[in-house]
Structure formats: structure tokens, C-alpha cells
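**Q** Please find one structure pasted underneath; my questions will follow.
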Amino acid sequence: MRAAAAGRAGATMSHKTLTRLELHVARALNTIIHEMKDPRLPIVVTVERVRLSPDLSQARVLVSAIERPEETSELLNHAHRYLQEELAHALELRRIPRLRFFSEPREVL
């Protein structure tokens with residue numbers, strides 16, 4: 001997917017485009033996380049929501065896990081550089097956002 005949505009540096013995008021891009025990022029992260037071979041991660045980890053900043057510099061990611069949700073978000077935050085690299089391969093964006101993972105919905109919304 002070539003994301004024309006990223007546009008020029010500093011350009012903002014429409015709400016509809018940003019929402020669509022958030023869905024693409026969430027789907028890609030779900031796949032990447034499920035393919036991770038880290039035994040510390042619970043078997044079931046789900047990306048519930050992604051909130052992108054208008055300039056695509058940051059992404060707040062809500063994850064849910066049946067076991068140890070706070071520990072899971074900490075592990076994913078520790079692996080954010082790896083996840084960003086994998087996200088860059090999955091989505092051809094000009095700018096890959098810095099990923100921050102949370103287990104509490106109020107921290108994302």
C-alpha cells in the first residue's frame with residue numbers, strides 16, 4: 001500500500017484519511033505482534049485502537065491481553081523500535097510514527 005496520506009512533511013490530513021490510516025496501522029501491528037516469538041508475551045494480545053497524531057509523528061496504541069495487560073504494554077514499549085521497523089516494511093509510509101503502547105483506554109482516547 002503506497003500511502004499518499006503521509007503527504008509532505010508537516011502537512012495535515014483529513015479526519016477520514018487519518019482514521020483509515022489508523023485502521024491500517026492497527027491491522028499491521030496485530031499481525032506483527034502475533035508473529036513475535038517473545039515467550040514473555042501472552043498468547044493472546046490484541047491491538048484494540050490506534051490514535052495517530054495529525055503529523056504522523058506519534059501513535060498511541062491500545063492493547064488488550066487476558067494475562068498481565070500492564071506488563072504486556074511495557075514489553076511492547078520496550079520493543080517499539082523493532083515494531084516500528086516491521087511496521088515500515090508492512091506499510092510503505094514516508095513517516096513511521098513513534099509507537100507508544102497502553103493497556104488503559106483512557107490513556108489512548
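Numbering starts fresh at 1 for the residues of each chain in the C-alpha cells, the chains themselves are lettered A, B, ... in the order given, and ligands are numbered from 1 as they appear.
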Which polymer residues have any atom within 9 Å of an atom of range 90-92 of chain A, counting only C-alpha atoms, with same-chain residues fewer than 2 positions away left out, as a PDB file with N, CA and C atoms, in the first residue's frame?
**A**
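Final output, out_27.pdb:
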ATOM      1  N   MET A   1       0.841  -1.172   0.000  1.00  0.00           N
ATOM      2  CA  MET A   1       0.000   0.000   0.000  1.00  0.00           C
ATOM      3  C   MET A   1       0.887   1.236   0.000  1.00  0.00           C
ATOM      4  N   ARG A   2       0.778   2.042  -0.970  1.00  0.00           N
ATOM      5  CA  ARG A   2       1.524   3.297  -1.002  1.00  0.00           C
ATOM      6  C   ARG A   2       0.652   4.342  -0.344  1.00  0.00           C
ATOM      7  N   ALA A   3       1.121   4.908   0.736  1.00  0.00           N
ATOM      8  CA  ALA A   3       0.297   5.838   1.496  1.00  0.00           C
ATOM      9  C   ALA A   3       0.558   7.266   1.058  1.00  0.00           C
ATOM     10  N   HIS A  24      -5.294   0.766   9.242  1.00  0.00           N
ATOM     11  CA  HIS A  24      -4.211   0.030   8.573  1.00  0.00           C
ATOM     12  C   HIS A  24      -3.063  -0.254   9.546  1.00  0.00           C
ATOM     13  N   VAL A  25      -2.714   0.731  10.356  1.00  0.00           N
ATOM     14  CA  VAL A  25      -1.637   0.553  11.330  1.00  0.00           C
ATOM     15  C   VAL A  25      -2.040  -0.499  12.362  1.00  0.00           C
ATOM     16  N   ALA A  28      -1.824  -4.000  10.799  1.00  0.00           N
ATOM     17  CA  ALA A  28      -0.426  -4.401  10.601  1.00  0.00           C
ATOM     18  C   ALA A  28       0.239  -4.748  11.937  1.00  0.00           C
ATOM     19  N   LEU A  29      -0.012  -3.935  12.970  1.00  0.00           N
ATOM     20  CA  LEU A  29       0.576  -4.220  14.281  1.00  0.00           C
ATOM     21  C   LEU A  29       0.042  -5.518  14.864  1.00  0.00           C
ATOM     22  N   ILE A  32       2.058  -8.204  13.189  1.00  0.00           N
ATOM     23  CA  ILE A  32       3.452  -8.187  13.636  1.00  0.00           C
ATOM     24  C   ILE A  32       3.578  -8.748  15.043  1.00  0.00           C
ATOM     25  N   GLU A  85      10.196  -0.769  12.872  1.00  0.00           N
ATOM     26  CA  GLU A  85      10.882  -1.270  11.668  1.00  0.00           C
ATOM     27  C   GLU A  85       9.987  -2.231  10.900  1.00  0.00           C
ATOM     28  N   GLU A  86       9.342  -3.135  11.624  1.00  0.00           N
ATOM     29  CA  GLU A  86       8.438  -4.082  10.972  1.00  0.00           C
ATOM     30  C   GLU A  86       7.234  -3.373  10.364  1.00  0.00           C
ATOM     31  N   LEU A  87       6.753  -2.349  11.034  1.00  0.00           N
ATOM     32  CA  LEU A  87       5.637  -1.564  10.507  1.00  0.00           C
ATOM     33  C   LEU A  87       6.048  -0.839   9.228  1.00  0.00           C
ATOM     34  N   ALA A  88       7.285  -0.358   9.188  1.00  0.00           N
ATOM     35  CA  ALA A  88       7.793   0.313   7.992  1.00  0.00           C
ATOM     36  C   ALA A  88       7.826  -0.653   6.807  1.00  0.00           C
ATOM     37  N   ARG A  94       5.901   7.293   4.328  1.00  0.00           N
ATOM     38  CA  ARG A  94       7.084   8.162   4.350  1.00  0.00           C
ATOM     39  C   ARG A  94       7.558   8.393   5.767  1.00  0.00           C
ATOM     40  N   ARG A  95       6.603   8.440   6.684  1.00  0.00           N
ATOM     41  CA  ARG A  95       6.946   8.679   8.086  1.00  0.00           C
ATOM     42  C   ARG A  95       6.305   7.578   8.924  1.00  0.00           C
ATOM     43  N   ILE A  96       7.122   6.899   9.688  1.00  0.00           N
ATOM     44  CA  ILE A  96       6.621   5.871  10.593  1.00  0.00           C
ATOM     45  C   ILE A  96       6.511   6.506  11.977  1.00  0.00           C
TER      46      ILE A  96
END
**Q** Applying 12 Å and only C-alpha atoms, which residues near Arg106 in chain A remain after dropping the ones on its own chain fewer than 4 positions away? List them as a PyMOL selection string.
**A** chain A and resi 49+51+60-62+102
**Q** Excluding same-chain residues fewer than 6 positions from Leu52 in chain A, what lies within 8 Å of it counting only C-alpha atoms, as a ChimeraX atom specification?
**A** /A:18,22,58-60,97
**Q** With N, CA and C atoms retained, export the selected residues as a PDB file, in the first residue's frame.
**A**
ATOM      1  N   LEU A  18      -7.051  10.042   8.159  1.00  0.00           N
ATOM      2  CA  LEU A  18      -6.329   9.678   9.378  1.00  0.00           C
ATOM      3  C   LEU A  18      -6.959   8.440  10.025  1.00  0.00           C
ATOM      4  N   GLU A  22      -5.201   4.845  10.634  1.00  0.00           N
ATOM      5  CA  GLU A  22      -5.157   4.228  11.959  1.00  0.00           C
ATOM      6  C   GLU A  22      -5.580   2.757  11.886  1.00  0.00           C
ATOM      7  N   GLN A  58       3.526  10.398  16.050  1.00  0.00           N
ATOM      8  CA  GLN A  58       3.307   9.523  17.187  1.00  0.00           C
ATOM      9  C   GLN A  58       2.042   8.711  17.001  1.00  0.00           C
ATOM     10  N   ALA A  59       2.065   7.504  17.580  1.00  0.00           N
ATOM     11  CA  ALA A  59       0.886   6.645  17.587  1.00  0.00           C
ATOM     12  C   ALA A  59       0.704   6.114  19.002  1.00  0.00           C
ATOM     13  N   ARG A  60      -0.477   6.325  19.531  1.00  0.00           N
ATOM     14  CA  ARG A  60      -0.847   5.771  20.834  1.00  0.00           C
ATOM     15  C   ARG A  60      -1.654   4.513  20.549  1.00  0.00           C
ATOM     16  N   PRO A  97       5.345   6.445  12.590  1.00  0.00           N
ATOM     17  CA  PRO A  97       5.157   7.087  13.898  1.00  0.00           C
ATOM     18  C   PRO A  97       5.906   6.368  15.008  1.00  0.00           C
TER      19      PRO A  97
END
**Q** Closest to Ser73 in chain A among A:Thr19, A:Thr31, A:Thr46, A:Ser14, using only C-alpha atoms?
**A** A:Thr46
**Q** Just asking: which residues within chain A are helix (DSSP H, G or I) according to DSSP, as a PyMOL selection string?
**A** chain A and resi 4-6+15-35+69-78+80-90+105-107
**Q** Can you list every residue in range 5-49 of chain A that DSSP puts in strand (DSSP E or B), as a PDB file with C-alpha atoms, in the first residue's frame?
**A**
ATOM      1  CA  VAL A  45      -2.544  -9.860  22.508  1.00  0.00           C
ATOM      2  CA  THR A  46      -4.889  -7.655  20.520  1.00  0.00           C
ATOM      3  CA  VAL A  47      -4.442  -4.132  19.202  1.00  0.00           C
ATOM      4  CA  GLU A  48      -7.765  -2.528  20.077  1.00  0.00           C
ATOM      5  CA  ARG A  49      -7.204   1.034  18.862  1.00  0.00           C
TER       6      ARG A  49
END
**Q** Measure the distance from CA of Glu104 in chain A to CA of His89 in chain A in Å and round it to one decimal.
**A** 27.9 Å
**Q** Using only C-alpha atoms, find the one residue out of A:Ala26, A:Glu35, A:Pro54, A:Pro42 that sits nearest to Phe101 in chain A.
**A** A:Ala26
**Q** Restricting the calculation to only C-alpha atoms: of A:Leu56, A:Met36, A:Leu93, A:Ala65, which residue gets closest to Met13 in chain A?
**A** A:Leu56
**Q** Could you tell me how far CA of Val44 in chain A lies from CA of Ser64 in chain A, in Å and to one decimal?
**A** 8.3 Å
**Q** Would you list the contacts of Glu74 in chain A as a ChimeraX atom specification, taking every protein, DNA or RNA residue within 12 Å and counting only C-alpha atoms, but skipping same-chain residues closer than 3 positions in sequence?
**A** /A:40-41,61-63,68-71,77-80,99-103
**Q** Considering only C-alpha atoms, return as a VMD selection string whatever protein or nucleic-acid residues lie within 12 Å of Pro39 in chain A, sequence-local ones (same chain, fewer than 6 positions apart) excluded.
**A** chain A and resid 33 72 75
